[in-house]
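Comments concern the structure below.
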Amino acid sequence: MVMQSIITQLLNGFSVVAILVIAALGLAIIFGVAGVINMAHGELIMVGAYTAAVVGKAGGNTFIAMPVAFIVVGLLGLAIERGIIQWIYDRPLETLLATWGVGIILQTVIKLIFGPELYYVGAPKILRGGFHLIGRLPFPWYRLFLIVVAACLMALVFVVIFKTNLGLKVRAVRRNRAISGCLGIDTARVDMLIFCFGSGLAGVAGAVLAPIKSVSTTMGFPYAVDSYMVLVLGGVGNLWGVVAGSGLIGEAETILSFIFNNVIGRLLVFLFIVVIIRIVPRGIFGYSERQ
C-alpha cells in the first residue's frame with residue numbers, strides 16, 4: 001500500500017509538472033527574449049480560460065477552445081505590445097509597472113463583462129473518467145491529456161525557435177541585441193512577434209487549465225507565481241530550464257504535500273528554490289548561457 005501511494009503521487013506529479021510547463025512557457029519566451037517582466041501573465045491565462053468558457057457555452061470543447069484562445073489572447077498581447085510595451089523595452093521597471101496596471105485593467109474589464117460569478121468548463125466527453133496504470137491505481141484521462149499538451153507545446157516552441165527563420169532571429173536577438181540590429185534584423189518586430197506568441201501560449205494555458213479550476217478573474221495569479229518560480233529555478237531563456245524547473249517544483253510539491261500538507265509542502269519547495277538559487281544564481285540551466 002505504501003509503494004502504491006508513492007507511485008500514485010509520482011504519477012500525479014507528472015500532471016502537475018505538465019501544468020507548470022503549460023503555464024510557464026509563454027512567460028519564459030517573453031521574459032527570455034524581450035526582457036519584459038510581464039506581471040499580466042496571470043491575467044492573460046485568465047482571459048484564455050474565459051475564452052474557453054465562451055467556446056463551451058457556444059457548444060465547443062477544449063479542443064476548439066485551444067486554438068481560439070491562442071488567437072484571441074495573442075491578438076490581445078499584440079495590442080498590449082503595440083500600445084504600451086514597445087515604448088518602454090529599455091526600462092524594465094516601467095515594463096513591470098505597466099504590465100501590472102494592464103493586469104488590473106484586464107481583471108476589471110472581464111468582471112464588467114462576465115460578472116463576479118464563477119464559471120465552470122467541463123472536460124470533453126472523450127477525456128472524462130480515467131484508466132488504471134498499475135494494478136488498481138487510477139489515472140484520469142484529462143491528466144494524461146495535460147501531459148500530452150505540455151509535450152506538444154514544448155515541441156511547437158522548439159520548432160519555432162530552432163527550425164524557422166524567425167527563430168534564428170530570435171536567438172540572435174537573445175544573444176546580442178545591438179549586433180543583431182546592426183546586421184539588419186528588425187529587433188522591434190522580433191519583440192512584437194515574440195510578445196504576441198508568448199501571449200497566445202498563455203491563452204492556450206488558460207483554455208486547458210479551465211476544466212480543472214473554476215474560471216474567475218483571480219484564477220491566473222497562482223499560475224503566474226508558479227511560472228516565475230519555474231523560470232527562477234530553471235534559468236531564464238532556456239527551454240530545458242522550463243522543463244527542469246517544472247519537474248523539480250511539480251514533483252517536490254506533490255510528494256511533500258502528500259507527506260505533510262499543501263501549506264508546508266509549498267513552503268518547503270520555496271525554501272528549496274532559495275537554496276538552489278543561492279548555489280546557482282542564474283538557475284539550473286541559466287548558468288550555461290553565453291553572455
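Naming works like this for the C-alpha cells: A, B, ... for the chains as they're shown, residue 1 at the start of each chain, ligands 1 onward in shown order.
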
### Query
Contacts of Ser216 in chain A at 9 Å or less, counting only C-alpha atoms, minus same-chain residues fewer than 3 places along, as a list in words?
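Neighbouring residues, sequence-local ones excluded: Met46, Ala49, Tyr50, Lys111, Pro116, Glu117, Leu118, Tyr119, Lys213, Met219 and Gly220 of chain A.
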
For Leu248 in chain A, list every protein, DNA or RNA residue within 9 Å, evaluated using only C-alpha atoms, and leave out those in the same chain fewer than 6 positions away; present the list as a JSON list (two decimals) with C-alpha atoms, in the first residue's frame.
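Everything below was put into selection.json:
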```
[["chain", "number", "residue", "atom", "x", "y", "z"],
["A", 17, "VAL", "CA", 4.73, 19.22, -13.95],
["A", 230, "VAL", "CA", 9.87, 27.84, -12.61],
["A", 233, "LEU", "CA", 14.81, 27.84, -10.70],
["A", 269, "VAL", "CA", 9.54, 23.91, -2.08]]
```

### Query
Quick one: residues within 10 Å of Gly206 in chain A, only C-alpha atoms counted, chain neighbours fewer than 2 positions away excluded, as a PyMOL selection string?
chain A and resi 22-23+42-52+65-66+69-70+73+200-204+208-211+213+215+219-220+223

### Message
Need to verify the contact set: Gly101 in chain A, 9 Å, only C-alpha atoms, exclusion of same-chain residues closer than 5 positions in sequence. Can you return it as a list in words?
### Response
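Near Gly101 in chain A, the qualifying residues are Met39, Ala40, Leu96 and Leu106 of chain A.
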
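As for CA of Gln107 in chain A and CA of Ser246 in chain A, they are spaced 26.6 Å apart.
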
Please return as a PDB file with C-alpha atoms, in the first residue's frame: the residues of range 114-242 of chain A that backbone DSSP assigns to strand (DSSP E).
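Below is the file that was written, out_4.pdb:
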```pdb
ATOM      1  CA  GLY A 130      -9.818   7.511 -16.232  1.00  0.00           C
ATOM      2  CA  PHE A 131      -7.905   4.278 -16.568  1.00  0.00           C
ATOM      3  CA  HIS A 132      -5.670   2.029 -14.477  1.00  0.00           C
ATOM      4  CA  PRO A 138      -6.485   5.176 -11.207  1.00  0.00           C
ATOM      5  CA  PHE A 139      -5.260   7.915 -13.521  1.00  0.00           C
ATOM      6  CA  PRO A 140      -7.664  10.460 -15.101  1.00  0.00           C
TER       7      PRO A 140
END
```

### Query
Between A:Gly198, A:Ala244, A:Val232, A:Thr108, which one has atoms that come closest to Arg278 in chain A, using only C-alpha atoms?
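That would be A:Val232, the residue with the smallest distance to Arg278 in chain A.
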
### Message
Between A:Thr62, A:Gly83, A:Val21, A:Val173, which residue has the minimum interatomic distance to Leu127 in chain A, considering only C-alpha atoms?
### Response
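The answer is A:Thr62, which sits nearest to Leu127 in chain A.
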
### Task
Could you please determine the separation between CA of Leu146 in chain A and CA of Ala18 in chain A in Å, to one decimal place?
6.0 Å

If you run DSSP on the backbone, which residues of range 61-197 of chain A are alpha helix (DSSP H), as an mmCIF file with N, CA and C atoms, in the first residue's frame?
```cif
data_model
loop_
_atom_site.group_PDB
_atom_site.id
_atom_site.type_symbol
_atom_site.label_atom_id
_atom_site.label_comp_id
_atom_site.auth_asym_id
_atom_site.auth_seq_id
_atom_site.Cartn_x
_atom_site.Cartn_y
_atom_site.Cartn_z
ATOM 1 N N THR A 62 -12.721 21.802 -25.290
ATOM 2 C CA THR A 62 -11.338 22.230 -25.072
ATOM 3 C C THR A 62 -10.525 22.182 -26.354
ATOM 4 N N PHE A 63 -10.780 21.191 -27.197
ATOM 5 C CA PHE A 63 -10.020 21.066 -28.444
ATOM 6 C C PHE A 63 -10.233 22.277 -29.350
ATOM 7 N N ILE A 64 -11.448 22.812 -29.359
ATOM 8 C CA ILE A 64 -11.739 24.008 -30.152
ATOM 9 C C ILE A 64 -11.251 25.256 -29.426
ATOM 10 N N ALA A 65 -11.373 25.250 -28.091
ATOM 11 C CA ALA A 65 -11.011 26.433 -27.310
ATOM 12 C C ALA A 65 -9.517 26.736 -27.380
ATOM 13 N N MET A 66 -8.687 25.726 -27.521
ATOM 14 C CA MET A 66 -7.234 25.954 -27.531
ATOM 15 C C MET A 66 -6.788 26.874 -28.661
ATOM 16 N N PRO A 67 -7.086 26.566 -29.941
ATOM 17 C CA PRO A 67 -6.666 27.500 -31.000
ATOM 18 C C PRO A 67 -7.376 28.845 -30.927
ATOM 19 N N VAL A 68 -8.650 28.844 -30.494
ATOM 20 C CA VAL A 68 -9.377 30.109 -30.371
ATOM 21 C C VAL A 68 -8.712 30.988 -29.309
ATOM 22 N N ALA A 69 -8.364 30.384 -28.174
ATOM 23 C CA ALA A 69 -7.711 31.143 -27.099
ATOM 24 C C ALA A 69 -6.345 31.647 -27.544
ATOM 25 N N PHE A 70 -5.628 30.841 -28.320
ATOM 26 C CA PHE A 70 -4.321 31.272 -28.818
ATOM 27 C C PHE A 70 -4.465 32.531 -29.673
ATOM 28 N N ILE A 71 -5.466 32.548 -30.542
ATOM 29 C CA ILE A 71 -5.668 33.700 -31.426
ATOM 30 C C ILE A 71 -6.142 34.918 -30.631
ATOM 31 N N VAL A 72 -7.141 34.715 -29.769
ATOM 32 C CA VAL A 72 -7.716 35.837 -29.013
ATOM 33 C C VAL A 72 -6.677 36.480 -28.111
ATOM 34 N N VAL A 73 -5.996 35.667 -27.312
ATOM 35 C CA VAL A 73 -5.027 36.220 -26.366
ATOM 36 C C VAL A 73 -3.767 36.685 -27.097
ATOM 37 N N GLY A 74 -3.419 36.033 -28.197
ATOM 38 C CA GLY A 74 -2.290 36.509 -28.992
ATOM 39 C C GLY A 74 -2.545 37.901 -29.543
ATOM 40 N N LEU A 75 -3.754 38.141 -30.039
ATOM 41 C CA LEU A 75 -4.111 39.476 -30.534
ATOM 42 C C LEU A 75 -4.160 40.488 -29.395
ATOM 43 N N LEU A 76 -4.627 40.045 -28.225
ATOM 44 C CA LEU A 76 -4.615 40.920 -27.054
ATOM 45 C C LEU A 76 -3.177 41.293 -26.686
ATOM 46 N N GLY A 77 -2.279 40.308 -26.724
ATOM 47 C CA GLY A 77 -0.866 40.586 -26.467
ATOM 48 C C GLY A 77 -0.282 41.545 -27.484
ATOM 49 N N LEU A 78 -0.695 41.394 -28.740
ATOM 50 C CA LEU A 78 -0.238 42.309 -29.791
ATOM 51 C C LEU A 78 -0.684 43.742 -29.497
ATOM 52 N N ALA A 79 -1.937 43.889 -29.059
ATOM 53 C CA ALA A 79 -2.446 45.225 -28.728
ATOM 54 C C ALA A 79 -1.688 45.822 -27.539
ATOM 55 N N ILE A 80 -1.390 44.999 -26.533
ATOM 56 C CA ILE A 80 -0.638 45.480 -25.372
ATOM 57 C C ILE A 80 0.761 45.905 -25.780
ATOM 58 N N GLU A 81 1.400 45.093 -26.611
ATOM 59 C CA GLU A 81 2.775 45.392 -27.031
ATOM 60 C C GLU A 81 2.826 46.651 -27.878
ATOM 61 N N ARG A 82 1.923 46.770 -28.844
ATOM 62 C CA ARG A 82 1.931 47.939 -29.729
ATOM 63 C C ARG A 82 1.479 49.200 -28.985
ATOM 64 N N GLY A 83 0.565 49.038 -28.032
ATOM 65 C CA GLY A 83 0.022 50.212 -27.365
ATOM 66 C C GLY A 83 0.864 50.717 -26.216
ATOM 67 N N PRO A 92 13.124 48.307 -17.714
ATOM 68 C CA PRO A 92 12.491 47.116 -17.124
ATOM 69 C C PRO A 92 11.515 47.431 -15.995
ATOM 70 N N LEU A 93 11.852 48.392 -15.135
ATOM 71 C CA LEU A 93 10.954 48.712 -14.026
ATOM 72 C C LEU A 93 9.623 49.237 -14.534
ATOM 73 N N GLU A 94 9.678 50.026 -15.604
ATOM 74 C CA GLU A 94 8.434 50.565 -16.154
ATOM 75 C C GLU A 94 7.603 49.478 -16.837
ATOM 76 N N THR A 95 8.266 48.490 -17.456
ATOM 77 C CA THR A 95 7.502 47.369 -18.034
ATOM 78 C C THR A 95 6.785 46.596 -16.932
ATOM 79 N N LEU A 96 7.455 46.442 -15.790
ATOM 80 C CA LEU A 96 6.831 45.745 -14.655
ATOM 81 C C LEU A 96 5.582 46.492 -14.192
ATOM 82 N N LEU A 97 5.721 47.808 -14.005
ATOM 83 C CA LEU A 97 4.586 48.599 -13.532
ATOM 84 C C LEU A 97 3.475 48.672 -14.583
ATOM 85 N N ALA A 98 3.877 48.796 -15.851
ATOM 86 C CA ALA A 98 2.878 48.904 -16.921
ATOM 87 C C ALA A 98 2.068 47.613 -17.045
ATOM 88 N N THR A 99 2.747 46.461 -17.038
ATOM 89 C CA THR A 99 2.025 45.189 -17.172
ATOM 90 C C THR A 99 1.196 44.891 -15.926
ATOM 91 N N TRP A 100 1.664 45.349 -14.769
ATOM 92 C CA TRP A 100 0.857 45.205 -13.557
ATOM 93 C C TRP A 100 -0.443 45.995 -13.702
ATOM 94 N N GLY A 101 -0.342 47.207 -14.227
ATOM 95 C CA GLY A 101 -1.538 48.005 -14.478
ATOM 96 C C GLY A 101 -2.443 47.366 -15.523
ATOM 97 N N VAL A 102 -1.846 46.797 -16.569
ATOM 98 C CA VAL A 102 -2.635 46.098 -17.593
ATOM 99 C C VAL A 102 -3.400 44.937 -16.980
ATOM 100 N N GLY A 103 -2.748 44.213 -16.061
ATOM 101 C CA GLY A 103 -3.416 43.101 -15.390
ATOM 102 C C GLY A 103 -4.639 43.558 -14.607
ATOM 103 N N ILE A 104 -4.508 44.679 -13.904
ATOM 104 C CA ILE A 104 -5.647 45.217 -13.143
ATOM 105 C C ILE A 104 -6.777 45.608 -14.087
ATOM 106 N N ILE A 105 -6.419 46.237 -15.205
ATOM 107 C CA ILE A 105 -7.435 46.646 -16.188
ATOM 108 C C ILE A 105 -8.154 45.425 -16.759
ATOM 109 N N LEU A 106 -7.385 44.372 -17.093
ATOM 110 C CA LEU A 106 -7.997 43.163 -17.650
ATOM 111 C C LEU A 106 -8.952 42.521 -16.648
ATOM 112 N N GLN A 107 -8.542 42.454 -15.383
ATOM 113 C CA GLN A 107 -9.436 41.897 -14.369
ATOM 114 C C GLN A 107 -10.733 42.692 -14.278
ATOM 115 N N THR A 108 -10.616 44.023 -14.292
ATOM 116 C CA THR A 108 -11.797 44.879 -14.172
ATOM 117 C C THR A 108 -12.713 44.731 -15.378
ATOM 118 N N VAL A 109 -12.121 44.726 -16.575
ATOM 119 C CA VAL A 109 -12.930 44.614 -17.795
ATOM 120 C C VAL A 109 -13.647 43.272 -17.854
ATOM 121 N N ILE A 110 -12.942 42.197 -17.538
ATOM 122 C CA ILE A 110 -13.554 40.866 -17.562
ATOM 123 C C ILE A 110 -14.674 40.769 -16.525
ATOM 124 N N LYS A 111 -14.469 41.384 -15.361
ATOM 125 C CA LYS A 111 -15.510 41.357 -14.327
ATOM 126 C C LYS A 111 -16.738 42.138 -14.781
ATOM 127 N N LEU A 112 -16.532 43.248 -15.505
ATOM 128 C CA LEU A 112 -17.655 44.027 -16.011
ATOM 129 C C LEU A 112 -18.424 43.247 -17.081
ATOM 130 N N ILE A 113 -17.699 42.466 -17.877
ATOM 131 C CA ILE A 113 -18.339 41.730 -18.974
ATOM 132 C C ILE A 113 -19.048 40.477 -18.459
ATOM 133 N N PHE A 114 -18.365 39.708 -17.629
ATOM 134 C CA PHE A 114 -18.884 38.395 -17.216
ATOM 135 C C PHE A 114 -19.484 38.388 -15.810
ATOM 136 N N TRP A 141 -8.037 10.566 -17.472
ATOM 137 C CA TRP A 141 -7.671 10.822 -18.861
ATOM 138 C C TRP A 141 -7.233 12.267 -19.065
ATOM 139 N N TYR A 142 -7.892 13.193 -18.337
ATOM 140 C CA TYR A 142 -7.568 14.605 -18.558
ATOM 141 C C TYR A 142 -6.160 14.933 -18.079
ATOM 142 N N ARG A 143 -5.693 14.276 -17.027
ATOM 143 C CA ARG A 143 -4.312 14.486 -16.582
ATOM 144 C C ARG A 143 -3.331 14.006 -17.648
ATOM 145 N N LEU A 144 -3.655 12.885 -18.277
ATOM 146 C CA LEU A 144 -2.808 12.407 -19.381
ATOM 147 C C LEU A 144 -2.841 13.395 -20.544
ATOM 148 N N PHE A 145 -4.011 13.971 -20.807
ATOM 149 C CA PHE A 145 -4.150 14.972 -21.860
ATOM 150 C C PHE A 145 -3.263 16.185 -21.580
ATOM 151 N N LEU A 146 -3.199 16.619 -20.322
ATOM 152 C CA LEU A 146 -2.345 17.751 -19.957
ATOM 153 C C LEU A 146 -0.882 17.446 -20.235
ATOM 154 N N ILE A 147 -0.467 16.222 -19.950
ATOM 155 C CA ILE A 147 0.921 15.822 -20.216
ATOM 156 C C ILE A 147 1.207 15.865 -21.717
ATOM 157 N N VAL A 148 0.257 15.376 -22.515
ATOM 158 C CA VAL A 148 0.427 15.388 -23.978
ATOM 159 C C VAL A 148 0.469 16.824 -24.495
ATOM 160 N N VAL A 149 -0.419 17.693 -23.977
ATOM 161 C CA VAL A 149 -0.434 19.097 -24.401
ATOM 162 C C VAL A 149 0.891 19.772 -24.063
ATOM 163 N N ALA A 150 1.411 19.515 -22.864
ATOM 164 C CA ALA A 150 2.690 20.117 -22.465
ATOM 165 C C ALA A 150 3.801 19.683 -23.414
ATOM 166 N N ALA A 151 3.833 18.393 -23.764
ATOM 167 C CA ALA A 151 4.859 17.893 -24.685
ATOM 168 C C ALA A 151 4.701 18.514 -26.074
ATOM 169 N N CYS A 152 3.458 18.656 -26.534
ATOM 170 C CA CYS A 152 3.212 19.238 -27.859
ATOM 171 C C CYS A 152 3.592 20.718 -27.891
ATOM 172 N N LEU A 153 3.280 21.461 -26.832
ATOM 173 C CA LEU A 153 3.650 22.874 -26.788
ATOM 174 C C LEU A 153 5.165 23.046 -26.745
ATOM 175 N N MET A 154 5.846 22.186 -25.984
ATOM 176 C CA MET A 154 7.309 22.232 -25.961
ATOM 177 C C MET A 154 7.869 21.973 -27.354
ATOM 178 N N ALA A 155 7.298 20.980 -28.056
ATOM 179 C CA ALA A 155 7.752 20.671 -29.408
ATOM 180 C C ALA A 155 7.486 21.837 -30.355
ATOM 181 N N LEU A 156 6.316 22.482 -30.212
ATOM 182 C CA LEU A 156 5.982 23.634 -31.053
ATOM 183 C C LEU A 156 6.975 24.762 -30.843
ATOM 184 N N VAL A 157 7.261 25.087 -29.585
ATOM 185 C CA VAL A 157 8.201 26.159 -29.283
ATOM 186 C C VAL A 157 9.593 25.805 -29.800
ATOM 187 N N PHE A 158 9.991 24.546 -29.643
ATOM 188 C CA PHE A 158 11.300 24.113 -30.137
ATOM 189 C C PHE A 158 11.407 24.303 -31.650
ATOM 190 N N VAL A 159 10.367 23.919 -32.378
ATOM 191 C CA VAL A 159 10.377 24.068 -33.839
ATOM 192 C C VAL A 159 10.446 25.544 -34.221
ATOM 193 N N VAL A 160 9.634 26.383 -33.555
ATOM 194 C CA VAL A 160 9.618 27.811 -33.875
ATOM 195 C C VAL A 160 10.983 28.449 -33.594
ATOM 196 N N ILE A 161 11.586 28.113 -32.470
ATOM 197 C CA ILE A 161 12.837 28.761 -32.059
ATOM 198 C C ILE A 161 14.045 28.225 -32.818
ATOM 199 N N PHE A 162 14.074 26.920 -33.108
ATOM 200 C CA PHE A 162 15.287 26.314 -33.658
ATOM 201 C C PHE A 162 15.169 25.876 -35.118
ATOM 202 N N LYS A 163 13.978 25.913 -35.712
ATOM 203 C CA LYS A 163 13.818 25.397 -37.063
ATOM 204 C C LYS A 163 13.216 26.399 -38.040
ATOM 205 N N ASN A 165 13.134 30.648 -39.661
ATOM 206 C CA ASN A 165 13.902 31.874 -39.842
ATOM 207 C C ASN A 165 13.645 32.864 -38.705
ATOM 208 N N LEU A 166 12.391 32.925 -38.247
ATOM 209 C CA LEU A 166 12.070 33.778 -37.105
ATOM 210 C C LEU A 166 12.851 33.330 -35.876
ATOM 211 N N GLY A 167 12.929 32.032 -35.664
ATOM 212 C CA GLY A 167 13.657 31.508 -34.516
ATOM 213 C C GLY A 167 15.128 31.868 -34.556
ATOM 214 N N LEU A 168 15.705 31.850 -35.766
ATOM 215 C CA LEU A 168 17.107 32.239 -35.906
ATOM 216 C C LEU A 168 17.304 33.698 -35.481
ATOM 217 N N LYS A 169 16.378 34.552 -35.882
ATOM 218 C CA LYS A 169 16.460 35.963 -35.485
ATOM 219 C C LYS A 169 16.232 36.125 -33.986
ATOM 220 N N VAL A 170 15.313 35.343 -33.445
ATOM 221 C CA VAL A 170 15.046 35.404 -32.008
ATOM 222 C C VAL A 170 16.292 35.042 -31.215
ATOM 223 N N ARG A 171 16.976 33.973 -31.631
ATOM 224 C CA ARG A 171 18.182 33.553 -30.919
ATOM 225 C C ARG A 171 19.293 34.585 -31.054
ATOM 226 N N ALA A 172 19.357 35.225 -32.227
ATOM 227 C CA ALA A 172 20.369 36.261 -32.419
ATOM 228 C C ALA A 172 20.100 37.455 -31.502
ATOM 229 N N VAL A 173 18.843 37.866 -31.434
ATOM 230 C CA VAL A 173 18.482 38.991 -30.562
ATOM 231 C C VAL A 173 18.711 38.613 -29.101
ATOM 232 N N ARG A 174 18.414 37.371 -28.764
ATOM 233 C CA ARG A 174 18.624 36.907 -27.379
ATOM 234 C C ARG A 174 20.096 36.979 -26.992
ATOM 235 N N ARG A 175 20.983 36.657 -27.932
ATOM 236 C CA ARG A 175 22.419 36.665 -27.645
ATOM 237 C C ARG A 175 22.983 38.074 -27.576
ATOM 238 N N ARG A 177 21.512 41.870 -28.772
ATOM 239 C CA ARG A 177 20.505 42.714 -29.428
ATOM 240 C C ARG A 177 21.144 43.804 -30.290
ATOM 241 N N ALA A 178 22.201 44.436 -29.798
ATOM 242 C CA ALA A 178 22.816 45.548 -30.532
ATOM 243 C C ALA A 178 23.423 45.070 -31.845
ATOM 244 N N ILE A 179 24.193 43.998 -31.789
ATOM 245 C CA ILE A 179 24.817 43.466 -33.012
ATOM 246 C C ILE A 179 23.764 42.962 -33.983
ATOM 247 N N SER A 180 22.697 42.342 -33.469
ATOM 248 C CA SER A 180 21.620 41.862 -34.347
ATOM 249 C C SER A 180 20.999 43.017 -35.118
ATOM 250 N N GLY A 181 20.787 44.148 -34.441
ATOM 251 C CA GLY A 181 20.253 45.315 -35.116
ATOM 252 C C GLY A 181 21.195 45.849 -36.173
ATOM 253 N N CYS A 182 22.503 45.812 -35.877
ATOM 254 C CA CYS A 182 23.495 46.277 -36.847
ATOM 255 C C CYS A 182 23.535 45.391 -38.080
ATOM 256 N N THR A 187 14.782 44.226 -34.701
ATOM 257 C CA THR A 187 14.608 43.735 -33.331
ATOM 258 C C THR A 187 13.242 44.112 -32.760
ATOM 259 N N ALA A 188 12.707 45.255 -33.162
ATOM 260 C CA ALA A 188 11.386 45.665 -32.679
ATOM 261 C C ALA A 188 10.316 44.693 -33.164
ATOM 262 N N ARG A 189 10.443 44.252 -34.420
ATOM 263 C CA ARG A 189 9.467 43.297 -34.962
ATOM 264 C C ARG A 189 9.599 41.949 -34.273
ATOM 265 N N VAL A 190 10.831 41.531 -33.992
ATOM 266 C CA VAL A 190 11.052 40.276 -33.275
ATOM 267 C C VAL A 190 10.401 40.339 -31.897
ATOM 268 N N ASP A 191 10.600 41.449 -31.192
ATOM 269 C CA ASP A 191 9.988 41.618 -29.878
ATOM 270 C C ASP A 191 8.459 41.558 -29.969
ATOM 271 N N MET A 192 7.912 42.200 -30.986
ATOM 272 C CA MET A 192 6.458 42.217 -31.155
ATOM 273 C C MET A 192 5.922 40.803 -31.382
ATOM 274 N N LEU A 193 6.553 40.064 -32.285
ATOM 275 C CA LEU A 193 6.090 38.713 -32.597
ATOM 276 C C LEU A 193 6.246 37.775 -31.404
ATOM 277 N N ILE A 194 7.337 37.926 -30.675
ATOM 278 C CA ILE A 194 7.556 37.071 -29.509
ATOM 279 C C ILE A 194 6.542 37.370 -28.413
ATOM 280 N N PHE A 195 6.243 38.649 -28.192
ATOM 281 C CA PHE A 195 5.243 39.010 -27.188
ATOM 282 C C PHE A 195 3.881 38.462 -27.583
ATOM 283 N N CYS A 196 3.555 38.554 -28.857
ATOM 284 C CA CYS A 196 2.284 38.035 -29.359
ATOM 285 C C CYS A 196 2.232 36.515 -29.208
ATOM 286 N N PHE A 197 3.322 35.822 -29.578
ATOM 287 C CA PHE A 197 3.383 34.365 -29.499
ATOM 288 C C PHE A 197 3.313 33.893 -28.046
#
```

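What separates CA of Val275 in chain A from CA of Thr254 in chain A is a distance of 19.0 Å.
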
### Query
Which residue, A:Arg266, A:Thr218, A:Asp90, A:Ile85, has the smallest gap to Glu251 in chain A when you use only C-alpha atoms?
A:Arg266

### Task
Write out as an MDAnalysis selection string which residues come within 12 Å of Ile264 in chain A when counting only C-alpha atoms, dropping same-chain ones fewer than 5 positions away.
chainID A and resid 252:259 269:271

May I have the selected residues written with C-alpha atoms, as an mmCIF file, in the first residue's frame?
```cif
data_model
loop_
_atom_site.group_PDB
_atom_site.id
_atom_site.type_symbol
_atom_site.label_atom_id
_atom_site.label_comp_id
_atom_site.auth_asym_id
_atom_site.auth_seq_id
_atom_site.Cartn_x
_atom_site.Cartn_y
_atom_site.Cartn_z
ATOM 1 C CA ALA A 252 8.636 18.043 -4.940
ATOM 2 C CA GLU A 253 5.412 19.888 -4.206
ATOM 3 C CA THR A 254 3.276 16.802 -4.892
ATOM 4 C CA ILE A 255 5.327 14.464 -2.708
ATOM 5 C CA LEU A 256 5.871 16.946 0.138
ATOM 6 C CA SER A 257 2.187 17.904 0.159
ATOM 7 C CA PHE A 258 1.326 14.203 0.443
ATOM 8 C CA ILE A 259 3.761 13.678 3.330
ATOM 9 C CA VAL A 269 9.538 23.914 -2.076
ATOM 10 C CA PHE A 270 10.080 27.666 -1.739
ATOM 11 C CA LEU A 271 12.965 27.084 0.696
#
```

### Message
So that I can check the surroundings of Ile212 in chain A, please list as an NGL selection string every protein, DNA and RNA residue that reaches within 9 Å of it, counting only C-alpha atoms and ignoring chain neighbours fewer than 5 positions away.
### Response
:A and (120-123 or 142)
